[in-house]
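Peer 1: Submitted below is the structure of interest, expressed as structure tokens.
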Amino acid sequence: METDITDDFTLWKQGAEARLFTGNYLGKSSVMKERFTKSYRNSTLDAYLTKERIKAEAKTLVRCRSAGIPTPTLYLVDFERKRIVMENLENSLTVKDYIIQLSETDDSNNNLNELEFISQEIGRLLGKMHSANIIHGDLTTSNMLVTQDNGSVRLHLIDFGLSYVQQSSEDKAVDLYVLERALLSTHSNVAQMFGAILNAYQLVFKDKAKEILKKLSDVRARGRKRDMIG
Amino acid sequence: MYSFEQKLEFGVALHLRLFSNVKNTRELRSGVMSGQLLCALIKPKLLVDPFQLVIAANKAVVRQNVSSLVTKSIYTEILFNLSPSKNITQGLTKFGVGDDDTDIFVLVIPNSDEELQEVLRQVDGDMRPIEDAKEMLSINEVIKTYSIHNDELAISNLLDSVVTRIAAKDCL
């Protein structure tokens, strides 16, 4: 067999579900996301779940683009090797790191503005996403990337392995709740961000946002799971 | 630039040439269909950039490696991959040339340089710089074929939109 084109890729991040590698693929700076076998799981189930997550990821990448939400360009889906290869958003920062970076600089006035701006962007994109009935399934500040080119900041959503399509307000409220928890646990100093996110969310997602925010308070009261089982 | 070449997975190389005023399209097509002529003959009208072919061909190479081609050969598979439709015939007619076409992209994945030269020798037409394909492109047709709307074009360039759909086709 010929050598693998991804042999010279370098390991970039290791997650619970997959490893991320970066390298040149077909002439483009790329990220390869390779899911691995979970040996503790029944092998048939494991293969099924892996395939479903790869499918969900690719499908939602297309759906999000159609809805006007920036996501990385997809280059290859490979069920056999459990990988997808996509565009490497160069010079991007996770929203998580972006917030940390802001909180470490001194210009506090400017920082508030930037936080306000990024919160609005997050709210706007999530409003668009939920209007298209896309549920992300794992909304954290690590799954949002910020790119800056000539002064203009753009937000991209990534990591759609747990995403699905659903109309119900319940699932959208849970999506928001997961993000709220993630914000509170990683960025204790920016608790006000979530309020700004919800405001922008309501502006783009007029008709159903009220109902979803009402659901959100139910979810807050009881936690992420609706049933006692599971 | 009269030739375009890109290395794909598994050490395979894709070669691309653009021809205009091709006089023997009918013969070329029957050669391809009988398996005598090893290449894909593609309409430039729906090709935004050679990278679109790179993604479709690379996907075909990856599938061939695990013997899971949907169509009969690597070349029909490339045409099928280009098409957003799951209907094979529709993909082949939409992206493959018809008997009356005179502008043709010839895509070859040869085992040797002789094989490449042999294919190119059969084409009776004028070789053109690859960049000239832009003049043969119909952006409106691309947008229609791949169902790309304005909301998307506000945040993405056309090539990225097309390429993502080609890669994700079997997940949709």
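By order in the structure tokens, chains are A, B, ...; within a chain, residues start at 1; ligands start at 1, following the order shown.
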Quick one: DSSP alpha helix (DSSP H) residues in chain B, as number ranges by chain?
Peer 2: B: 25-33, 50-65, 74-82, 88-95, 113-122, 133-136, 139-145, 150-153, 158-168
Peer 1: For a quick test of understanding: name the residues of chain B lying within 9 Å of chain A when counting only C-alpha atoms, and present them as a VMD selection string.
Peer 2: chain B and resid 6 to 12 51 54 to 55 58 to 59 62 to 63 66 147 to 156 160 to 161 163 to 172
Peer 1: Output N, CA, C and O atoms of each residue in that selection to a file, as a compact mmCIF listing (two decimals), in the first residue's frame.
Peer 2:
# COMPACT_ATOMS: atom_id res chain seq x y z
N GLN B 6 -2.61 17.29 -9.49
CA GLN B 6 -2.73 17.29 -8.03
C GLN B 6 -2.59 15.88 -7.50
O GLN B 6 -3.22 14.95 -8.01
N LYS B 7 -1.76 15.74 -6.51
CA LYS B 7 -1.61 14.45 -5.86
C LYS B 7 -2.80 14.21 -4.94
O LYS B 7 -3.18 15.07 -4.15
N LEU B 8 -3.41 13.03 -5.08
CA LEU B 8 -4.55 12.68 -4.23
C LEU B 8 -4.08 11.66 -3.18
O LEU B 8 -2.89 11.40 -3.07
N GLU B 9 -5.02 11.08 -2.47
CA GLU B 9 -4.65 10.06 -1.48
C GLU B 9 -4.07 8.83 -2.18
O GLU B 9 -4.28 8.60 -3.36
N PHE B 10 -3.35 8.02 -1.42
CA PHE B 10 -2.76 6.76 -1.87
C PHE B 10 -1.81 6.94 -3.05
O PHE B 10 -1.70 6.08 -3.92
N GLY B 11 -1.15 8.08 -3.10
CA GLY B 11 -0.12 8.32 -4.11
C GLY B 11 -0.65 8.46 -5.52
O GLY B 11 0.11 8.44 -6.48
N VAL B 12 -1.96 8.61 -5.66
CA VAL B 12 -2.57 8.72 -6.98
C VAL B 12 -2.47 10.18 -7.47
O VAL B 12 -2.59 11.10 -6.67
N PHE B 51 -10.25 22.61 -8.10
CA PHE B 51 -10.31 21.99 -6.77
C PHE B 51 -11.61 21.20 -6.57
O PHE B 51 -11.65 20.21 -5.83
N VAL B 54 -10.79 17.98 -7.82
CA VAL B 54 -9.85 17.34 -6.90
C VAL B 54 -10.62 16.64 -5.77
O VAL B 54 -10.37 15.48 -5.44
N ILE B 55 -11.60 17.35 -5.21
CA ILE B 55 -12.38 16.79 -4.10
C ILE B 55 -13.22 15.59 -4.56
O ILE B 55 -13.26 14.56 -3.90
N ASN B 58 -10.73 12.70 -5.44
CA ASN B 58 -10.10 12.14 -4.24
C ASN B 58 -11.06 11.24 -3.48
O ASN B 58 -10.71 10.18 -2.99
N LYS B 59 -12.31 11.68 -3.43
CA LYS B 59 -13.34 10.88 -2.77
C LYS B 59 -13.49 9.54 -3.51
O LYS B 59 -13.61 8.48 -2.87
N VAL B 62 -10.55 7.31 -2.61
CA VAL B 62 -10.68 6.77 -1.25
C VAL B 62 -11.69 5.62 -1.23
O VAL B 62 -11.46 4.58 -0.62
N ARG B 63 -12.79 5.79 -1.96
CA ARG B 63 -13.81 4.74 -2.02
C ARG B 63 -13.32 3.51 -2.78
O ARG B 63 -13.60 2.38 -2.42
N VAL B 66 -11.33 0.98 -0.83
CA VAL B 66 -12.04 0.01 0.00
C VAL B 66 -13.15 -0.66 -0.80
O VAL B 66 -14.12 -1.17 -0.24
N SER B 147 -28.18 24.01 -5.29
CA SER B 147 -29.13 24.67 -4.37
C SER B 147 -28.44 25.53 -3.31
O SER B 147 -28.52 25.26 -2.11
N ILE B 148 -27.71 26.53 -3.76
CA ILE B 148 -27.03 27.42 -2.83
C ILE B 148 -27.78 28.75 -2.81
O ILE B 148 -28.00 29.36 -3.85
N HIS B 149 -28.18 29.17 -1.61
CA HIS B 149 -28.98 30.38 -1.51
C HIS B 149 -28.16 31.58 -1.04
O HIS B 149 -27.02 31.43 -0.63
N ASN B 150 -28.79 32.75 -1.11
CA ASN B 150 -28.07 33.98 -0.79
C ASN B 150 -27.57 34.04 0.65
O ASN B 150 -26.51 34.59 0.91
N ASP B 151 -28.35 33.48 1.57
CA ASP B 151 -27.92 33.47 2.98
C ASP B 151 -26.55 32.82 3.10
O ASP B 151 -25.72 33.23 3.90
N GLU B 152 -26.34 31.77 2.31
CA GLU B 152 -25.08 31.06 2.36
C GLU B 152 -23.97 31.84 1.66
O GLU B 152 -22.85 31.93 2.16
N LEU B 153 -24.30 32.43 0.52
CA LEU B 153 -23.27 33.15 -0.23
C LEU B 153 -22.79 34.40 0.52
O LEU B 153 -21.71 34.92 0.25
N ALA B 154 -23.59 34.84 1.50
CA ALA B 154 -23.17 35.98 2.31
C ALA B 154 -22.03 35.60 3.25
O ALA B 154 -21.28 36.46 3.70
N ILE B 155 -21.91 34.30 3.56
CA ILE B 155 -20.88 33.90 4.53
C ILE B 155 -19.84 32.95 3.94
O ILE B 155 -18.91 32.53 4.62
N SER B 156 -19.98 32.57 2.68
CA SER B 156 -19.08 31.57 2.12
C SER B 156 -18.82 31.88 0.66
O SER B 156 -19.66 32.48 0.00
N ASP B 160 -16.23 26.88 -1.80
CA ASP B 160 -16.34 26.19 -0.51
C ASP B 160 -17.71 25.54 -0.33
O ASP B 160 -17.83 24.43 0.19
N SER B 161 -18.74 26.25 -0.78
CA SER B 161 -20.10 25.71 -0.67
C SER B 161 -20.26 24.43 -1.50
O SER B 161 -20.82 23.45 -1.05
N VAL B 163 -17.82 22.43 -2.68
CA VAL B 163 -16.92 21.37 -2.23
C VAL B 163 -17.49 20.68 -0.97
O VAL B 163 -17.45 19.45 -0.85
N THR B 164 -18.06 21.46 -0.07
CA THR B 164 -18.65 20.88 1.15
C THR B 164 -19.80 19.94 0.79
O THR B 164 -19.92 18.85 1.34
N ARG B 165 -20.60 20.34 -0.20
CA ARG B 165 -21.71 19.47 -0.61
C ARG B 165 -21.22 18.19 -1.26
O ARG B 165 -21.81 17.12 -1.07
N ILE B 166 -20.16 18.28 -2.04
CA ILE B 166 -19.63 17.07 -2.68
C ILE B 166 -19.11 16.11 -1.61
O ILE B 166 -19.39 14.91 -1.64
N ALA B 167 -18.38 16.65 -0.64
CA ALA B 167 -17.80 15.80 0.41
C ALA B 167 -18.90 15.17 1.27
O ALA B 167 -18.77 14.03 1.71
N ALA B 168 -19.97 15.93 1.53
CA ALA B 168 -21.00 15.48 2.48
C ALA B 168 -22.14 14.72 1.81
O ALA B 168 -23.05 14.25 2.48
N LYS B 169 -22.07 14.56 0.48
CA LYS B 169 -23.21 14.03 -0.27
C LYS B 169 -23.86 12.80 0.36
O LYS B 169 -25.07 12.75 0.52
N ASP B 170 -23.08 11.81 0.73
CA ASP B 170 -23.71 10.58 1.24
C ASP B 170 -24.14 10.68 2.70
O ASP B 170 -24.60 9.70 3.28
N CYS B 171 -24.00 11.86 3.30
CA CYS B 171 -24.47 12.04 4.67
C CYS B 171 -25.79 12.81 4.70
O CYS B 171 -26.40 12.96 5.74
N LEU B 172 -26.17 13.33 3.53
CA LEU B 172 -27.34 14.22 3.52
C LEU B 172 -28.65 13.44 3.41
O LEU B 172 -28.66 12.32 2.99
Peer 1: Which residues are close to Ser20 (chain B), i.e. within 7 Å by only C-alpha atoms, leaving aside same-chain residues fewer than 3 positions away? Reply as a PyMOL selection string.
Peer 2: chain B and resi 102-104+125-128
Peer 1: Output N, CA, C and O atoms for every residue in that selection, as a PDB file, in the first residue's frame.
Peer 2:
ATOM      1  N   THR B 102     -18.257  20.944 -27.316  1.00  0.00           N
ATOM      2  CA  THR B 102     -16.942  21.165 -27.926  1.00  0.00           C
ATOM      3  C   THR B 102     -15.910  21.643 -26.900  1.00  0.00           C
ATOM      4  O   THR B 102     -14.716  21.602 -27.148  1.00  0.00           O
ATOM      5  N   ASP B 103     -16.387  22.149 -25.746  1.00  0.00           N
ATOM      6  CA  ASP B 103     -15.473  22.513 -24.654  1.00  0.00           C
ATOM      7  C   ASP B 103     -15.449  21.354 -23.661  1.00  0.00           C
ATOM      8  O   ASP B 103     -16.490  20.944 -23.154  1.00  0.00           O
ATOM      9  N   ILE B 104     -14.258  20.843 -23.393  1.00  0.00           N
ATOM     10  CA  ILE B 104     -14.179  19.631 -22.565  1.00  0.00           C
ATOM     11  C   ILE B 104     -12.992  19.674 -21.598  1.00  0.00           C
ATOM     12  O   ILE B 104     -11.867  19.994 -21.985  1.00  0.00           O
ATOM     13  N   GLY B 125      -8.732  18.631 -30.760  1.00  0.00           N
ATOM     14  CA  GLY B 125      -9.220  19.957 -30.375  1.00  0.00           C
ATOM     15  C   GLY B 125      -8.053  20.832 -29.951  1.00  0.00           C
ATOM     16  O   GLY B 125      -6.899  20.419 -30.030  1.00  0.00           O
ATOM     17  N   ASP B 126      -8.359  22.067 -29.517  1.00  0.00           N
ATOM     18  CA  ASP B 126      -7.307  23.004 -29.115  1.00  0.00           C
ATOM     19  C   ASP B 126      -7.148  23.007 -27.606  1.00  0.00           C
ATOM     20  O   ASP B 126      -8.105  23.286 -26.889  1.00  0.00           O
ATOM     21  N   MET B 127      -5.911  22.751 -27.159  1.00  0.00           N
ATOM     22  CA  MET B 127      -5.678  22.801 -25.735  1.00  0.00           C
ATOM     23  C   MET B 127      -5.684  24.253 -25.275  1.00  0.00           C
ATOM     24  O   MET B 127      -5.155  25.125 -25.960  1.00  0.00           O
ATOM     25  N   ARG B 128      -6.334  24.487 -24.155  1.00  0.00           N
ATOM     26  CA  ARG B 128      -6.477  25.854 -23.635  1.00  0.00           C
ATOM     27  C   ARG B 128      -5.904  25.947 -22.224  1.00  0.00           C
ATOM     28  O   ARG B 128      -5.873  24.954 -21.511  1.00  0.00           O
TER      29      ARG B 128
END
Peer 1: To one decimal place, how far is CA of Ala200 (chain A) from CA of Glu104 (chain A) in Å?
Peer 2: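 These atoms are spaced 25.6 Å apart.
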